[in-house]
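Shown next: work-v5.txt, given as compact mmCIF, C-alpha atoms.
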# COMPACT_ATOMS: atom_id res chain seq x y z
CA MET A 1 48.84 -0.12 -9.33
CA LYS A 2 46.82 -3.26 -8.63
CA SER A 3 46.35 -2.25 -4.99
CA LYS A 4 45.00 1.15 -6.05
CA LYS A 5 42.49 -0.51 -8.41
CA ASN A 6 41.36 -2.85 -5.62
CA LYS A 7 40.83 0.08 -3.24
CA LEU A 8 38.92 2.01 -5.89
CA PHE A 9 36.78 -1.01 -6.69
CA THR A 10 36.06 -1.60 -2.99
CA LEU A 11 35.14 2.05 -2.48
CA ALA A 12 32.80 2.00 -5.49
CA LEU A 13 31.18 -1.23 -4.26
CA VAL A 14 30.59 0.22 -0.79
CA ALA A 15 29.11 3.43 -2.26
CA MET A 16 26.74 1.48 -4.52
CA THR A 17 25.68 -0.75 -1.62
CA MET A 18 24.90 2.29 0.54
CA LEU A 19 22.85 3.93 -2.22
CA PHE A 20 20.89 0.74 -2.85
CA SER A 21 20.25 0.25 0.88
CA ALA A 22 18.99 3.83 1.23
CA GLN A 23 16.50 3.26 -1.57
CA ILE A 24 15.17 0.11 0.10
CA VAL A 25 14.76 1.89 3.44
CA PHE A 26 12.98 4.83 1.77
CA ALA A 27 10.66 2.52 -0.16
CA ALA A 28 9.88 0.54 2.98
CA THR A 29 8.91 3.66 4.93
CA THR A 30 6.33 4.79 2.39
CA TRP A 31 3.94 1.89 3.10
CA SER A 32 1.29 2.16 5.82
CA ASN A 33 1.42 -0.09 8.83
CA PRO A 34 -0.57 -3.31 8.28
CA VAL A 35 -4.35 -2.88 8.51
CA LEU A 36 -6.77 -5.69 9.37
CA PHE A 37 -10.36 -5.65 8.13
CA ASN A 38 -12.97 -8.16 9.36
CA LEU A 39 -15.74 -8.18 6.78
CA ASN A 40 -19.21 -9.70 6.90
CA HIS A 41 -20.13 -11.23 3.56
CA ASP A 42 -23.56 -9.59 3.45
CA ASP A 43 -22.32 -6.06 4.24
CA ASP A 44 -23.16 -3.76 1.35
CA TYR A 45 -21.16 -0.81 2.67
CA TRP A 46 -17.56 0.39 2.94
CA HIS A 47 -15.50 -0.45 6.04
CA ASN A 48 -13.18 2.44 6.87
CA ASN A 49 -9.99 2.30 8.91
CA LEU A 50 -8.93 5.66 10.30
CA SER A 51 -6.26 4.27 12.65
CA GLU A 52 -3.48 3.81 10.06
CA ALA A 53 -2.72 6.78 7.82
CA ASN A 54 -0.35 7.21 4.90
CA THR A 55 0.77 10.65 3.76
CA LYS A 56 0.69 11.57 0.09
CA THR A 57 4.19 12.64 -0.99
CA THR A 58 3.99 13.11 -4.77
CA SER A 59 1.67 14.53 -7.42
CA SER A 60 1.01 11.03 -8.78
CA THR A 61 -2.62 10.06 -9.28
CA ASN A 62 -1.75 6.42 -8.54
CA TYR A 63 -1.67 4.50 -5.28
CA ASP A 64 -0.46 1.05 -4.26
CA VAL A 65 -2.06 -1.66 -2.16
CA TYR A 66 -0.44 -4.90 -0.94
CA ASN A 67 -2.47 -7.92 0.18
CA ILE A 68 -0.60 -9.51 3.07
CA ALA A 69 -3.14 -12.27 3.77
CA GLN A 70 -6.85 -12.97 3.59
CA THR A 71 -9.37 -15.61 4.60
CA MET A 72 -11.93 -14.40 2.06
CA THR A 73 -12.58 -16.48 -1.06
CA VAL A 74 -13.32 -13.45 -3.24
CA ASN A 75 -11.08 -10.39 -3.17
CA PRO A 76 -12.81 -7.30 -1.72
CA SER A 77 -12.73 -3.79 -3.19
CA PHE A 78 -10.29 -1.12 -1.98
CA ARG A 79 -10.08 2.67 -2.14
CA LEU A 80 -8.36 5.57 -0.39
CA ILE A 81 -10.37 7.90 1.82
CA ASN A 82 -9.68 11.12 3.72
CA SER A 83 -10.33 11.72 7.43
CA ALA A 84 -13.94 12.70 6.62
CA ARG A 85 -14.40 9.22 5.08
CA GLU A 86 -14.77 10.67 1.57
CA ALA A 87 -13.36 8.64 -1.34
CA ARG A 88 -10.10 10.07 -2.71
CA SER A 89 -9.31 7.41 -5.32
CA SER A 90 -10.90 5.06 -7.76
CA THR A 91 -11.92 1.60 -6.56
CA ILE A 92 -9.95 -1.54 -7.40
CA ASN A 93 -10.32 -5.21 -6.51
CA MET A 94 -7.62 -6.30 -4.09
CA PRO A 95 -4.82 -8.42 -5.55
CA ASN A 96 -4.31 -12.00 -4.40
CA PRO A 97 -2.39 -12.52 -1.14
CA GLY A 98 1.32 -11.85 -1.53
CA TYR A 99 0.84 -9.40 -4.40
CA GLN A 100 0.52 -5.66 -4.82
CA LYS A 101 -1.61 -3.70 -7.24
CA VAL A 102 -1.62 -0.13 -8.55
CA GLY A 103 -4.83 1.88 -8.41
CA GLY A 104 -5.61 5.23 -9.97
CA GLY A 105 -7.73 8.30 -9.53
CA ASN A 106 -5.83 9.44 -6.42
CA THR A 107 -7.09 13.01 -5.94
CA GLY A 108 -5.37 13.52 -2.60
CA THR A 109 -3.27 16.58 -1.75
CA ILE A 110 0.48 16.33 -1.09
CA GLY A 111 1.22 16.41 2.63
CA TYR A 112 -2.20 15.18 3.74
CA ALA A 113 -2.94 11.80 5.35
CA TYR A 114 -5.14 9.21 3.65
CA TYR A 115 -6.71 6.03 4.94
CA SER A 116 -7.97 2.68 3.68
CA SER A 117 -11.48 1.52 2.96
CA THR A 118 -12.67 -1.93 1.86
CA LYS A 119 -15.96 -3.49 0.85
CA PRO A 120 -16.72 -7.21 0.46
CA ASP A 121 -17.43 -8.49 -3.02
CA ILE A 122 -21.07 -9.30 -3.79
CA LEU A 123 -20.01 -12.90 -4.56
CA GLN A 124 -18.45 -13.43 -1.11
CA THR A 125 -20.53 -16.13 0.63
CA SER A 126 -18.95 -16.19 4.10
CA ASP A 127 -17.40 -13.77 6.57
CA GLY A 128 -13.66 -13.23 6.36
CA SER A 129 -10.73 -10.95 6.95
CA ILE A 130 -8.01 -9.24 4.96
CA ARG A 131 -4.70 -7.80 6.13
CA LEU A 132 -3.21 -5.16 3.83
CA GLN A 133 -0.79 -2.27 3.45
CA PHE A 134 -1.13 0.75 1.20
CA LYS A 135 0.68 3.87 0.08
CA SER A 136 -0.95 6.93 -1.40
CA ARG A 137 2.23 8.02 -3.21
In structure tokens, write the structure found in this file.
Amino acid sequence: MKSKKNKLFTLALVAMTMLFSAQIVFAATTWSNPVLFNLNHDDDYWHNNLSEANTKTTSSTNYDVYNIAQTMTVNPSFRLINSAREARSSTINMPNPGYQKVGGGNTGTIGYAYYSSTKPDILQTSDGSIRLQFKSR
């Protein structure tokens, strides 16, 4: 009887581990590849990156952005754009390095690719860079 309980417990533990691992892999694949922006502090325009896309997979109007690292002293703005460089989300200030933030106003269409766009903050006094990842949900 005890041996049967141990086998059942082991089987349940393995099944739960596999389910949890699958969720981690799925979540990891929804982020874009890292994107690097080099921003001039006096630029008063959006810098678009069309080399790294992320496909919208849900009807959510939210999106996520993760700040990997930055040399800027003031966090720049971020938004999603389409391949025609048109805004497809609301604008948010980037989170601090090592953190992620949820933005809204994602008007993208499921199955289409979206890209990242950043703009330096008006208070930024020197040139800098930011490395980020995003997902359009």
* Show which residues sit within 10 Å of A:Gly111, as JSON, numbers by chain. Count all atoms listed in the file, and ignore same-chain residues fewer than 3 positions away. => {"A": [54, 55, 56, 57, 58, 108, 114]}
* **Residues within 9 Å of A:Pro95, all atoms listed in the file, excluding chain neighbours under 3 positions, as a list in words** => Val65, Tyr66, Asn67, Asn75, Pro76, Ile92, Gly98, Tyr99, Gln100 and Lys101 of chain A
* What lies within 12 Å of A:Met94 using all atoms listed in the file, ignoring chain neighbours under 4 positions off, as number ranges by chain? -> A: 64-70, 72-79, 98-103, 116-121, 130-134
* Atomic distance atom CA of A:Arg137 - atom CA of A:Ser89, expressed in Å with one decimal -> 11.7 Å
* Enter the distance from atom CA of A:Glu52 to atom CA of A:Trp31, in Å, rounded to one decimal. => 10.4 Å
* Counting all atoms listed in the file, the residue of A:Leu80, A:Gly105, A:Arg85, A:Asp42 that sits nearest A:Ser59 -> A:Gly105
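The two atoms in question, atom CA of A:Asn93 and atom CA of A:Tyr112, are spaced 24.2 Å apart.
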What are the centre and edge lengths in Å, to one decimal, of the axis-aligned box around all listed atoms of stretch 76-92 of chain A with 5 Å added on each side, as lines of an AutoDock Vina configuration file?
center_x = -11.6
center_y = 2.7
center_z = -0.2
size_x = 16.4
size_y = 30.0
size_z = 25.2
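Among the candidate residues A:Gly128, A:Arg88, A:Ser60, A:Pro97, the one lying nearest to A:Phe37 is A:Gly128, with distances computed using only C-alpha atoms.
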Go through stretch 15-116 of chain A residue by residue and, counting only C-alpha atoms, keep those with an atom at most 6 Å from stretch 123-127 of chain A; for each kept residue give the shortest atom pair and its distance in Å to one decimal, ordered by chain and increasing number, as CSV.
residue,atom,partner,partner_atom,distance
A:Leu39,CA,A:Asp127,CA,5.8
A:Asn40,CA,A:Asp127,CA,4.5
A:His41,CA,A:Asp127,CA,4.8
A:Val74,CA,A:Gln124,CA,5.6
* Counting all atoms listed in the file, the residue of A:Thr71, A:Tyr63, A:Ser3, A:Ser129 that sits nearest A:Val35 -> A:Ser129
